Structure formats: C-alpha cells, structure tokens
Amino acid sequence: MKRCFRRHVVLILCVFWGHHLLAQQLSASSAAAADTTQIPVLPSNPKSYRVAGITVSGARYLDPQLLVSVSGISVGDRIILPGDGLAKVIQNLWKQRLFSNIQIYVTRVDGDDIYLDIHVTERPRLANFYFRGVSKTEADELKTRTDLHQGSVVTESMKINAEVAIRKYFQDKGYRNVSIQISERPDTAVMLNAVDLIFNIHKGKKVKISEIFFAGNDHVPDAKLKAQMKNTKEGMRLTLHPARDVNVYGEHPYSFSDYLHEWGFLYPSKTLRVLEPYFRFKLFNSAKFNQSKYDEDKAKIIEYYNSLGYRDATIVDDTIYQAPNGNIDIAIKVNEGDKYYFGNITWSGNTKYPDTLLNAILRIHKGDPYNLDLFNKRLGITPTQQGDDISSLYLNDGYLFFRVTPIETRVYHDTIDYDIRITEGPQATINKVTISGNDRTNEHVIRRELRTIPGEKFSRADLIRSQRDVSQLGMFDPQKVSVNPQPNPENGTVDIGWSVVEKPSDQLELSAGWGGYIGLTGTLGLSFNNFSLRNITNPHAWTPLPSGDGQKLSLRYQSNGKFYHSYSFSFTEPWLGGKKPNNFTVSLYNSFIASGVYNPYTGFFGGSADSSFLRSTGFTVALGKRLTWPDDYFTLTGAVNFVRYTLKNYQFFYGNPLNNGDINELSLKLTLARSSVDAPIYPRSGSNIVLSGEFTPPYSLFESQSVYEGKTLAQKFKYIEYQKYRFDAEWYVPLGRPHGTDQKQFVLKLAAKYGFLGKYSSHALLSPFERFELGGDGLSNYAIYGKEIISQRGYEVYYSSDPKNNAQTQPLSYQGFTIFNKYTVELRYPITLNPSSTIFALLFFDAANGYENFQKYNPFLLRRDAGIGMRFYLPMFGLLGFDYGVGFDRMQPGQGLRNATKFSFMLGYEPE
C-alpha cells in the first residue's frame, strides 16, 4: 500500500506541479543522483529546454538503453519545464508494469540544454514458487492452473490472479473455505532482484450440499426440478429420530431459516416439520458444490420450465448458506409465470414442400403446451442426430442455403400464434472435396467411404453417414473426424473439407517362457490393420511393413512347448477390385496338441509327443457385399470353411471311442448383418444384428438308414454334417446428456443371443462338432476342436441345464449343448475416450443357459449373474479387461457370496 501511494503521488506531482517536484527531488538527492556539486535551479516561469543527455539509474535487470527507447524521450527533444513535459515519459514507463517507483531528476542545466536521469525501482522477478499445505498431485496441478513462470515480473495482479485460480481449483473440489497467504523471500541464486513466492494454503473441510429447497414452484414438484440439476446434487442423509418440529430461527437467528421463511418454505411460526427417519442416496453423484456447474443447472431449470409451457419462468433469487452441520444448503425461489399453449401455426415461403407435409414433420398442433426446446428441435434450429426435422428435410435434398425463422405473430391470453417463414434458396452442388490429416493412409481409402461426391447434390445425411463410415475404419480418432462445408452462394456450390487424425492401429502380442522339460513357450502375434499388398515389392514402403491401403494382415504363433503349438494367417481386402465395398478374406490355420501321460513325481507329461496327438488344419475363404436394401447398413457374407482333424490315439470326446482317423468338415456359412453403431470400440448409439446359417453337405440324406447304421463310428464321422443357426443382436442407447466437450455419458447396452445345432435326417448321429459350451470366460475353456464358447460372467463351465447343478466335473455323456440363449444388460460409462487409450467401466447383468435338445428347452430356465467390469483398449495391444461377477444360482444357504463369485480376464478379444 505504501508503494502504491508513493507511485501515485509522484505521478500527480510530476504532471501538475513539475517545478516544485523537480526542486524537491534535486534538493533531496542531488548528491546521489548527480555528479555536480551545485544544484541546478530552474526558473519559476516555463522555459523550453533541449534534452542534451539521458542517463538511467536504479536498473539492475533491464537494459538502460531499452528503457530510454521505451520512455519515448531521446536526446535532442525539446521539453518545457516547469510543466508536464516529463509526464508522458513516466506514463510510458509505468505502462510496462516493470517498476514499483519511477522518478526523473534534472542533473545539469547548461543554458537551454538540460541533462536528465531516469531513476527506476524495478519490481522483482519470479525465481521459484511453492505451494504449501497441499499434496504433491495438487501442487503439480496448481502449477499449470496458476500460469506462473520463472522470470516473470512479480506484480500484485499476478498474485491476485494466482490466488483466484487456486481458490477456484479447490472450490471445484468442494473446498469453499480456502484460505491463502502469500509470502515473498529473496532468491538471487537464479537471477538478480528475484524472489520466491510461497503460497500457504489451508483447504479447510470439504463442503457438501446437505439440502436443496425450492419455493414458488406451485405446478412442478421439487423432485422434478432437482432431477434437472445434473451436477448439483444433495448428499446422502440418514436420520433415525421420530418426526419433530425444529425451531430453526432459534438455532441460528436471522440465518438461512429467515430466507426460507420469507420465500414461503416455513410456517409463520418459523418451525420446520422434519419427518424422520429419512434416507436419501444418489448413485454416481457427489454432493460437492461447483459454482459454474450450479449456474448451468439453474439454466437447465428454466429450460425445463420452458419445455412445460412456462415460457416466462425465472429464478427470482437464490442463496447458498452454511448449514448447521458445516455443509451448505441451497434455496432457489422461482416465478413460474403463466402456462402457454401453441395457437395457429402457418407457413410462408415454402414452394418445395406443402404445408401438410411440414405440419406432419413438425408434429405440433394447436392447443399443445408451449415447448420452445421441442419447437426448435422439430424445426432443426437446434440440431439433433435423429434427422427428422424440417431443416433436415431441406438439407438432405441439397438446400444448403435453407433458412427457417419462426415469428410470434400474436400472443393472446395463454396462446401464441406463429408464422414460420422459410427461405429455401437454390439447391447446392458439391464442387471440391478435400482431405487432410491422413499422414499414413492413402487418400483413396478415405475417399471411397465418402458419400460427398463432386457434382452430386449436397446432403447433410450423407455428411453424417460419411463421418460414421470413416470413423469405423479404425485408423483415425473417431472423436476428431470432422467435416467443414464451405458454401459458395454466388454460384450455388459448396466445397467440403474433411479432416482426420491418424491413430495407431497395429497390434502386437508377445509373451515367452521356458520350462525345462516342456521347452520354449510363448505367443507372438502381429496385426497390421492398414496394410498395403500392392507395395509389397517396394522396399521403400517397408516401415516396418507396407501400409496405407486399409487392408488387414494378421500373423500369430503360439507354443506350449513340445506338446502344443499353433499358427494362423489371415488377410482381408475391404474393397475387392477397388470399386465396390466387397469384403474379401482368406485365412489359414494349423494346430497340434499331444496328450502324453502325466507323471505326478516330475509334474510333467511323459512319453513322445508323436504317440498321441490331435492335429487340425483348415482354411476359410469369405466374400461379403454391402446391400442397398432394406438400407445400406446391411451386408451379406458367404464363407466356405474346411477343417481336417487328424487323430492318433487321442481321446477326442469323453465316452466316445473315436480315437484314430481323419475327420473332414466342409461347410458354407451365410451371414446377414446390419450394423448402425456410431463407433466400433465404444458405441453410444445404433445396433448390431447378425443372422447366420452354416451348412455342411447332407451326406446322410444320400444313404438309407440301414447303410448308415452299418458304418463304423470312424466312417460316420469321416465327413461330419450339421446345420447351425445363430441370431445375435446388440442395441446401444445413450442415457442423459453428454458431459462436457468429451461427450461422456452413460450408455445402456442390451443384447440377446440364440443358437441351434441340428441334423438333416432322423437316423444320423448329431455332430459332436460345432456345439455350444456355456460358462467360463473364453480363455480357460478354450479347445482346438470346433465348438462355440458362450461365456457367462459369474459361472465356470457348466454341463447341465439345471441352474442348481454347477458341478465342475464333466459327465462322460456330455458333448456340448445344441441350443442356447443368452441375455445381457450393461450400463457403461467412459473414463477416457482418447485414441491412445479408450477406457470404460460397466455394470452388467446376464441370464443364459444351454440345452441338450428341444425336449429339454425352456427359455425361462436361466442362470443369472451380475457384477462390475473394466475395459482398456490400447492401440498396440488391443483389449485388456476384467469382470467380477456373482452367480446367483451358485449361492448356497448360509454361505453368502462364498464360492459364488468369479473373476474373468480378457486379453485381445472379448468373449461372447
């Protein structure tokens, strides 16, 4: 304060009483500021002087010549003294905010030549800054939020801004009673004239919201208004006393209770009827108070009132007050106003579409409650993803320059008439389409997914669909696939610019170990999801493999020593021929497993690996085509599969004497699928529906029953036969509004799966291959022969349809289920949606079961489980995840959750 007072005094005196000021300065500091022995005396009348010399004193950090240039005065300039000739010099220097004091001395006068000395007191520089009383994590966060930098000039404004940032940081965390003391200490180790700033912070107790009160809401209950406040929630409250009257006024005179009384919360006796016991619990909601989010929630209350027809609703007043328990209470007083209704709605300017069609899309009639939010959404003024509004109707037909303006033509009593004025404009044609950000991926890979083609009519629906299709490629960050239409009204065209951000899409799976008797064990898996086959012969394109054409190449080798190994190869071309989205895939695999004899003394399997084994070799060739009917979300895929199993002294199935020989499986699989999800990893809307049928040749139909029954078991299974059907469906429904710019929100996933395996003739044996195995997690119950594993969190593999029978011992007669159904409900919430790591948490509920045949099929006889889980999608390693489930049908009386829980781990893929 003393410094500030001194600065202003010096500046004012310099401007208005320059003669007296200069005389005082000369007399007070002539010996210190000048080398002359005689004090120059200025005349009492103003006189013009020529500046003959300028010196700078007091500067310790700044360059004197720089200060002279900034001051605005130079040698040769003429000034009038006494007067305000030096006032601008002080003002120019003061604007730099580098000094705590500025004085100008006259050191010598020689005729009309004058010599000046600019004496400055520099503000100190910031050497270091420290935060005391907080954790290391909080201190690291505050370093970025306070925007403090070494070498900056220390000003009062800097301190105030830092204090405001610190206070806001802790208030957002619920600490409303933060006290901050700032101290300085000299620190010349880094630079001259430097200080350290020390912020001593006392956070105090975290303050939460105890209660939210409303007044004036005669037509909307409190619970409805509280539901609109997504980020301002009451905390948990549990009281166990009987109902009583509380004299709130007597407990704290003219406190929060008086506000409540004035607003109509309390009776005139100033007593509040407390009904107890009372319990309130909010799941996934904290009760901390955040001022900015509180302001947003107040706006949402008004929006909600507007949606109910109360267009004049306002928040008259609100207050935040400390509650008796040390937390805070919030009281909000609203003025609902009158409820309004829509009156007559007319259209003008529409030549493309008639009033009847526009009214059918608007779906608002005379007498409906006034709802401004719904009105704007139906007109398309507020964009929506559904695309069922008036603006979408025009924009999807090329009318890029379309405008809609609703005008209130009459307000009478409680009714509002509207005239909706439409400016259609010309239809726009797409001119240029540019793509940027694709550093690795070739442009044609993106361009072939776009529906925005030069020469075609503009369509907003095509923009949205193209954005989805590019995001689904898996090579770009889905959150950063953006489109920028640039209209050209003068010629009726539009240029469209697409921007993408590449993300890592290749994956590596690597593990290794050594077991003395077993030998080398491990897995090596490589997945290249942006491969380029045409550049395979170009040595310059190997980085480490040719990339950029959107093809997929997968290689995998796995070994468990001398008793097990497998390798596989897969290649996919998503646009076979390059002109149409015809997906072509070819894959090969081979696996070998030896049984051996277990030696309990050594802990190893003995014997030769060649004496007892099962080898399987197979390939798949598939071709898929995108359909245009019923819509272009459908695809039809046909796949030819062949597998040969070679057995040597191998017990293939329990209770089945098939131990030697070759088994051949040739099948055709047809799949009809529809996928409309918005993202491949974390979908928030849309669905995946798959219907498939797999068929082998009906060998048994070409033979009579007697001939078939005369065959040996090895002959019957030399060419296995079956018909198999699957139906899988998944729906994703977003819940609530997205939170912030990262679009985080809860997503509800609903899934249903069914499967059936049958035979062609009654006298044929039902194939032991391609059956369904339920339970487990898809890893521990893996087998190399054909079967589908339907995992169920909370259960190990089970072999009976009876939910109470969960024995782990496999019966000799069991070969797998031929029918199953499974239902899943998941509530998901994203932790982060960054392309470098997509992480989300989930709550799940499953119900599933398997059945041996139709006679035992009961769709309501299901095993049930529930639990929690996490998913981590890392670009290099794929999926990492875990689930912790409780199998309700495994619970035994008196044992609680003992032996009823199961932990499941996922690596690389998510089991069915």
# chains A, B, ... in the order shown; residues from 1 in each chain; ligands from 1

call {"tool": "residues_around", "arguments": {"residues": "region 868-873 of chain A", "least_positions_apart": "5", "cutoff": "12 Å", "atoms": "only C-alpha atoms", "output": "ChimeraX atom specification"}}
result
/A:504-505,507,680-682,793-794,825-846,878-886,901-910

call {"tool": "select_by_dssp", "arguments": {"residues": "region 327-380 of chain A", "states": "strand (DSSP E or B)", "output": "PDB file with N, CA and C atoms, in the first residue's frame"}}
result
ATOM      1  N   ILE A 328     -23.429 -26.977   3.231  1.00  0.00           N
ATOM      2  CA  ILE A 328     -24.213 -25.850   2.740  1.00  0.00           C
ATOM      3  C   ILE A 328     -25.606 -26.316   2.332  1.00  0.00           C
ATOM      4  N   ASP A 329     -26.543 -25.424   2.438  1.00  0.00           N
ATOM      5  CA  ASP A 329     -27.888 -25.593   1.914  1.00  0.00           C
ATOM      6  C   ASP A 329     -28.085 -24.594   0.786  1.00  0.00           C
ATOM      7  N   ILE A 330     -28.923 -24.955  -0.161  1.00  0.00           N
ATOM      8  CA  ILE A 330     -29.223 -24.090  -1.297  1.00  0.00           C
ATOM      9  C   ILE A 330     -30.723 -23.850  -1.333  1.00  0.00           C
ATOM     10  N   ALA A 331     -31.120 -22.605  -1.478  1.00  0.00           N
ATOM     11  CA  ALA A 331     -32.528 -22.261  -1.626  1.00  0.00           C
ATOM     12  C   ALA A 331     -32.713 -21.510  -2.932  1.00  0.00           C
ATOM     13  N   ILE A 332     -33.685 -21.930  -3.706  1.00  0.00           N
ATOM     14  CA  ILE A 332     -33.951 -21.334  -5.017  1.00  0.00           C
ATOM     15  C   ILE A 332     -35.425 -20.936  -5.071  1.00  0.00           C
ATOM     16  N   LYS A 333     -35.681 -19.679  -5.352  1.00  0.00           N
ATOM     17  CA  LYS A 333     -37.048 -19.188  -5.465  1.00  0.00           C
ATOM     18  C   LYS A 333     -37.344 -18.924  -6.937  1.00  0.00           C
ATOM     19  N   VAL A 334     -38.384 -19.551  -7.454  1.00  0.00           N
ATOM     20  CA  VAL A 334     -38.745 -19.415  -8.861  1.00  0.00           C
ATOM     21  C   VAL A 334     -40.068 -18.669  -8.992  1.00  0.00           C
ATOM     22  N   ASN A 335     -40.232 -18.044 -10.126  1.00  0.00           N
ATOM     23  CA  ASN A 335     -41.520 -17.461 -10.519  1.00  0.00           C
ATOM     24  C   ASN A 335     -41.936 -18.165 -11.790  1.00  0.00           C
ATOM     25  N   TYR A 341     -49.702 -22.040 -24.467  1.00  0.00           N
ATOM     26  CA  TYR A 341     -50.028 -23.106 -25.414  1.00  0.00           C
ATOM     27  C   TYR A 341     -49.805 -22.594 -26.831  1.00  0.00           C
ATOM     28  N   PHE A 342     -49.518 -23.546 -27.727  1.00  0.00           N
ATOM     29  CA  PHE A 342     -49.383 -23.185 -29.138  1.00  0.00           C
ATOM     30  C   PHE A 342     -50.765 -22.866 -29.709  1.00  0.00           C
ATOM     31  N   GLY A 343     -50.802 -21.826 -30.546  1.00  0.00           N
ATOM     32  CA  GLY A 343     -52.030 -21.464 -31.241  1.00  0.00           C
ATOM     33  C   GLY A 343     -51.956 -21.886 -32.692  1.00  0.00           C
ATOM     34  N   ASN A 344     -52.314 -20.990 -33.579  1.00  0.00           N
ATOM     35  CA  ASN A 344     -52.280 -21.279 -35.013  1.00  0.00           C
ATOM     36  C   ASN A 344     -50.839 -21.207 -35.522  1.00  0.00           C
ATOM     37  N   ILE A 345     -50.444 -22.181 -36.318  1.00  0.00           N
ATOM     38  CA  ILE A 345     -49.113 -22.220 -36.916  1.00  0.00           C
ATOM     39  C   ILE A 345     -49.278 -22.197 -38.428  1.00  0.00           C
ATOM     40  N   THR A 346     -48.742 -21.160 -39.059  1.00  0.00           N
ATOM     41  CA  THR A 346     -48.822 -21.022 -40.511  1.00  0.00           C
ATOM     42  C   THR A 346     -47.430 -21.044 -41.109  1.00  0.00           C
ATOM     43  N   TRP A 347     -47.365 -21.328 -42.416  1.00  0.00           N
ATOM     44  CA  TRP A 347     -46.092 -21.417 -43.137  1.00  0.00           C
ATOM     45  C   TRP A 347     -46.088 -20.396 -44.279  1.00  0.00           C
ATOM     46  N   SER A 348     -44.930 -19.829 -44.551  1.00  0.00           N
ATOM     47  CA  SER A 348     -44.785 -18.915 -45.677  1.00  0.00           C
ATOM     48  C   SER A 348     -43.414 -19.091 -46.289  1.00  0.00           C
ATOM     49  N   PRO A 369     -49.073 -27.853 -25.218  1.00  0.00           N
ATOM     50  CA  PRO A 369     -48.325 -26.960 -24.319  1.00  0.00           C
ATOM     51  C   PRO A 369     -47.120 -26.351 -25.030  1.00  0.00           C
TER      52      PRO A 369
END

call {"tool": "closest_atom_pairs", "arguments": {"of": "region 120-184 of chain A", "to": "region 204-209 of chain A", "cutoff": "6 Å", "atoms": "only C-alpha atoms", "output": "JSON lines"}}
result
{"residue": "A:Gly174", "atom": "CA", "partner": "A:Lys206", "partner_atom": "CA", "distance": 5.2}
{"residue": "A:Tyr175", "atom": "CA", "partner": "A:Lys206", "partner_atom": "CA", "distance": 4.6}
{"residue": "A:Asn177", "atom": "CA", "partner": "A:Gly204", "partner_atom": "CA", "distance": 5.8}
{"residue": "A:Val178", "atom": "CA", "partner": "A:Gly204", "partner_atom": "CA", "distance": 5.9}

call {"tool": "write_last_selection", "arguments": {"atoms": "N, CA, C and O atoms", "output": "PDB file, in the first residue's frame"}}
result
ATOM      1  N   GLY A 174     -14.919 -28.883  -3.935  1.00  0.00           N
ATOM      2  CA  GLY A 174     -15.794 -28.865  -2.772  1.00  0.00           C
ATOM      3  C   GLY A 174     -15.240 -28.137  -1.570  1.00  0.00           C
ATOM      4  O   GLY A 174     -15.883 -28.130  -0.511  1.00  0.00           O
ATOM      5  N   TYR A 175     -14.064 -27.498  -1.692  1.00  0.00           N
ATOM      6  CA  TYR A 175     -13.479 -26.747  -0.572  1.00  0.00           C
ATOM      7  C   TYR A 175     -13.837 -25.276  -0.743  1.00  0.00           C
ATOM      8  O   TYR A 175     -13.214 -24.554  -1.516  1.00  0.00           O
ATOM      9  N   ASN A 177     -13.995 -23.018   1.818  1.00  0.00           N
ATOM     10  CA  ASN A 177     -13.430 -22.165   2.864  1.00  0.00           C
ATOM     11  C   ASN A 177     -11.907 -22.144   2.797  1.00  0.00           C
ATOM     12  O   ASN A 177     -11.215 -22.283   3.800  1.00  0.00           O
ATOM     13  N   VAL A 178     -11.383 -21.979   1.597  1.00  0.00           N
ATOM     14  CA  VAL A 178      -9.938 -21.989   1.394  1.00  0.00           C
ATOM     15  C   VAL A 178      -9.355 -20.655   1.845  1.00  0.00           C
ATOM     16  O   VAL A 178      -9.875 -19.589   1.505  1.00  0.00           O
TER      17      VAL A 178
END

call {"tool": "atom_distance", "arguments": {"atom1": "CA of Tyr310 (chain A)", "atom2": "CA of Asn376 (chain A)"}}
result
15.7 Å

call {"tool": "residues_around", "arguments": {"residues": "Thr146 (chain A)", "least_positions_apart": "6", "cutoff": "7 Å", "atoms": "only C-alpha atoms", "output": "MDAnalysis selection string"}}
result
chainID A and resid 162 165:166

call {"tool": "residues_around", "arguments": {"residues": "Tyr567 (chain A)", "least_positions_apart": "3", "cutoff": "6 Å", "atoms": "only C-alpha atoms", "output": "PDB file with N, CA, C and O atoms, in the first residue's frame"}}
result
ATOM      1  N   ARG A 556       0.004 -65.075 -36.347  1.00  0.00           N
ATOM      2  CA  ARG A 556       0.046 -65.438 -34.928  1.00  0.00           C
ATOM      3  C   ARG A 556       0.646 -66.832 -34.785  1.00  0.00           C
ATOM      4  O   ARG A 556       0.296 -67.752 -35.528  1.00  0.00           O
ATOM      5  N   TYR A 557       1.556 -66.954 -33.820  1.00  0.00           N
ATOM      6  CA  TYR A 557       2.147 -68.246 -33.491  1.00  0.00           C
ATOM      7  C   TYR A 557       2.102 -68.416 -31.984  1.00  0.00           C
ATOM      8  O   TYR A 557       2.452 -67.497 -31.234  1.00  0.00           O
ATOM      9  N   TYR A 589      -4.988 -71.877 -40.912  1.00  0.00           N
ATOM     10  CA  TYR A 589      -4.502 -72.145 -39.562  1.00  0.00           C
ATOM     11  C   TYR A 589      -4.135 -73.615 -39.432  1.00  0.00           C
ATOM     12  O   TYR A 589      -4.626 -74.479 -40.171  1.00  0.00           O
ATOM     13  N   ASN A 590      -3.248 -73.874 -38.468  1.00  0.00           N
ATOM     14  CA  ASN A 590      -2.826 -75.237 -38.158  1.00  0.00           C
ATOM     15  C   ASN A 590      -2.527 -75.293 -36.674  1.00  0.00           C
ATOM     16  O   ASN A 590      -1.919 -74.379 -36.116  1.00  0.00           O
TER      17      ASN A 590
END

call {"tool": "residues_around", "arguments": {"residues": "region 49-56 of chain A", "least_positions_apart": "5", "cutoff": "7 Å", "atoms": "only C-alpha atoms", "output": "number ranges by chain"}}
result
A: 64, 75-80, 112-119

call {"tool": "write_last_selection", "arguments": {"atoms": "all heavy atoms", "output": "CSV table (one decimal), in the first residue's frame"}}
result
chain,number,residue,atom,x,y,z
A,64,PRO,N,19.5,-0.3,-19.8
A,64,PRO,CA,19.2,1.1,-19.7
A,64,PRO,C,18.8,1.7,-21.1
A,64,PRO,O,17.9,2.5,-21.2
A,64,PRO,CB,20.6,1.7,-19.2
A,64,PRO,CG,21.2,0.6,-18.4
A,64,PRO,CD,20.8,-0.7,-19.2
A,75,VAL,N,17.6,12.1,-26.8
A,75,VAL,CA,18.5,13.3,-26.9
A,75,VAL,C,18.1,14.1,-28.1
A,75,VAL,O,18.0,13.6,-29.2
A,75,VAL,CB,20.0,12.9,-26.9
A,75,VAL,CG1,20.9,14.1,-27.2
A,75,VAL,CG2,20.3,12.1,-25.7
A,76,GLY,N,18.0,15.4,-27.9
A,76,GLY,CA,17.6,16.3,-29.0
A,76,GLY,C,16.2,16.8,-28.9
A,76,GLY,O,15.8,17.8,-29.5
A,77,ASP,N,15.3,16.1,-28.1
A,77,ASP,CA,13.9,16.5,-27.9
A,77,ASP,C,13.9,17.8,-27.1
A,77,ASP,O,14.8,18.0,-26.3
A,77,ASP,CB,13.1,15.4,-27.3
A,77,ASP,CG,12.9,14.2,-28.2
A,77,ASP,OD1,13.2,14.3,-29.4
A,77,ASP,OD2,12.5,13.1,-27.6
A,78,ARG,N,12.9,18.6,-27.3
A,78,ARG,CA,12.7,19.8,-26.5
A,78,ARG,C,11.5,19.6,-25.6
A,78,ARG,O,10.5,19.0,-25.9
A,78,ARG,CB,12.4,21.0,-27.4
A,78,ARG,CG,13.6,21.3,-28.4
A,78,ARG,CD,13.5,22.7,-28.9
A,78,ARG,NE,13.8,23.7,-27.9
A,78,ARG,CZ,15.1,24.1,-27.6
A,78,ARG,NH1,16.1,23.6,-28.3
A,78,ARG,NH2,15.3,25.0,-26.7
A,79,ILE,N,11.7,20.0,-24.3
A,79,ILE,CA,10.6,19.9,-23.3
A,79,ILE,C,10.5,21.2,-22.6
A,79,ILE,O,11.4,22.1,-22.6
A,79,ILE,CB,11.0,18.8,-22.3
A,79,ILE,CG1,12.3,19.1,-21.6
A,79,ILE,CG2,11.0,17.4,-22.9
A,79,ILE,CD1,12.6,18.2,-20.4
A,80,ILE,N,9.4,21.5,-22.0
A,80,ILE,CA,9.1,22.7,-21.3
A,80,ILE,C,9.0,22.4,-19.8
A,80,ILE,O,8.3,21.6,-19.4
A,80,ILE,CB,7.8,23.4,-21.8
A,80,ILE,CG1,7.9,23.8,-23.3
A,80,ILE,CG2,7.4,24.6,-21.0
A,80,ILE,CD1,6.6,24.3,-23.8
A,112,ASP,N,20.2,26.5,-22.4
A,112,ASP,CA,18.9,25.8,-22.7
A,112,ASP,C,19.1,24.3,-22.9
A,112,ASP,O,18.2,23.6,-23.3
A,112,ASP,CB,18.2,26.4,-23.9
A,112,ASP,CG,19.0,26.2,-25.2
A,112,ASP,OD1,20.2,25.8,-25.1
A,112,ASP,OD2,18.4,26.4,-26.3
A,113,ASP,N,20.3,23.8,-22.6
A,113,ASP,CA,20.5,22.3,-22.6
A,113,ASP,C,20.2,21.8,-21.2
A,113,ASP,O,20.7,22.4,-20.2
A,113,ASP,CB,21.9,22.0,-23.0
A,113,ASP,CG,22.2,22.2,-24.5
A,113,ASP,OD1,21.1,22.4,-25.2
A,113,ASP,OD2,23.3,22.3,-24.9
A,114,ILE,N,19.6,20.6,-21.1
A,114,ILE,CA,19.2,20.0,-19.9
A,114,ILE,C,19.6,18.5,-19.9
A,114,ILE,O,19.5,17.9,-20.9
A,114,ILE,CB,17.7,20.2,-19.5
A,114,ILE,CG1,17.4,19.8,-18.1
A,114,ILE,CG2,16.8,19.4,-20.5
A,114,ILE,CD1,16.0,20.2,-17.6
A,115,TYR,N,20.1,18.0,-18.8
A,115,TYR,CA,20.5,16.7,-18.6
A,115,TYR,C,19.6,16.0,-17.6
A,115,TYR,O,19.4,16.5,-16.5
A,115,TYR,CB,22.0,16.6,-18.2
A,115,TYR,CG,22.9,17.1,-19.2
A,115,TYR,CD1,23.2,18.5,-19.3
A,115,TYR,CD2,23.6,16.3,-20.1
A,115,TYR,CE1,24.1,19.0,-20.2
A,115,TYR,CE2,24.5,16.8,-21.1
A,115,TYR,CZ,24.7,18.2,-21.1
A,115,TYR,OH,25.6,18.7,-22.0
A,116,LEU,N,19.1,14.8,-18.0
A,116,LEU,CA,18.1,14.1,-17.1
A,116,LEU,C,18.6,12.7,-16.7
A,116,LEU,O,19.4,12.1,-17.4
A,116,LEU,CB,16.8,13.9,-17.9
A,116,LEU,CG,16.1,15.1,-18.5
A,116,LEU,CD1,14.9,14.7,-19.3
A,116,LEU,CD2,15.7,16.1,-17.4
A,117,ASP,N,18.2,12.3,-15.5
A,117,ASP,CA,18.4,11.0,-15.0
A,117,ASP,C,17.1,10.3,-14.7
A,117,ASP,O,16.3,10.9,-13.9
A,117,ASP,CB,19.3,11.0,-13.8
A,117,ASP,CG,19.6,9.6,-13.2
A,117,ASP,OD1,20.4,8.9,-13.8
A,117,ASP,OD2,19.0,9.3,-12.2
A,118,ILE,N,16.8,9.2,-15.3
A,118,ILE,CA,15.6,8.4,-15.0
A,118,ILE,C,15.9,7.4,-14.0
A,118,ILE,O,16.7,6.4,-14.2
A,118,ILE,CB,15.1,7.7,-16.3
A,118,ILE,CG1,14.8,8.8,-17.4
A,118,ILE,CG2,13.8,6.9,-16.0
A,118,ILE,CD1,14.4,8.1,-18.7
A,119,HIS,N,15.4,7.6,-12.8
A,119,HIS,CA,15.7,6.6,-11.7
A,119,HIS,C,14.5,5.7,-11.5
A,119,HIS,O,13.4,6.2,-11.3
A,119,HIS,CB,15.9,7.4,-10.4
A,119,HIS,CG,16.3,6.5,-9.3
A,119,HIS,ND1,17.6,6.0,-9.2
A,119,HIS,CD2,15.6,6.1,-8.2
A,119,HIS,CE1,17.7,5.3,-8.1
A,119,HIS,NE2,16.5,5.3,-7.5

call {"tool": "closest_residue", "arguments": {"among": "A:Ser800, A:Asn688, A:Ser595, A:Thr824", "to": "Ala752 (chain A)", "atoms": "only C-alpha atoms"}}
result
A:Thr824

call {"tool": "residues_around", "arguments": {"residues": "Thr384 (chain A)", "least_positions_apart": "6", "cutoff": "12 Å", "atoms": "only C-alpha atoms", "output": "ChimeraX atom specification"}}
result
/A:373-374,376-378,390-392,460-461,464

call {"tool": "closest_residue", "arguments": {"among": "A:Arg644, A:Arg726, A:Arg468, A:Arg108", "to": "Gly786 (chain A)", "atoms": "only C-alpha atoms"}}
result
A:Arg644

call {"tool": "atom_distance", "arguments": {"atom1": "CA of Ile435 (chain A)", "atom2": "CA of Ser471 (chain A)"}}
result
14.0 Å

call {"tool": "closest_residue", "arguments": {"among": "A:Val621, A:Leu757, A:Val797, A:Ile536", "to": "Thr818 (chain A)", "atoms": "only C-alpha atoms"}}
result
A:Leu757

call {"tool": "select_by_dssp", "arguments": {"residues": "region 76-272 of chain A", "states": "alpha helix (DSSP H)", "output": "PyMOL selection string"}}
result
chain A and resi 87-94+136-145+156-172+222-228+248-251+256-263

call {"tool": "residues_around", "arguments": {"residues": "Ser482 (chain A)", "least_positions_apart": "6", "cutoff": "7 Å", "atoms": "only C-alpha atoms", "output": "VMD selection string"}}
result
chain A and resid 498 to 500

call {"tool": "closest_residue", "arguments": {"among": "A:Ile315, A:Ile364, A:Ala59, A:Met229", "to": "Gly216 (chain A)", "atoms": "only C-alpha atoms"}}
result
A:Ile315

call {"tool": "atom_distance", "arguments": {"atom1": "CA of Ile182 (chain A)", "atom2": "CA of Ile320 (chain A)"}}
result
27.9 Å
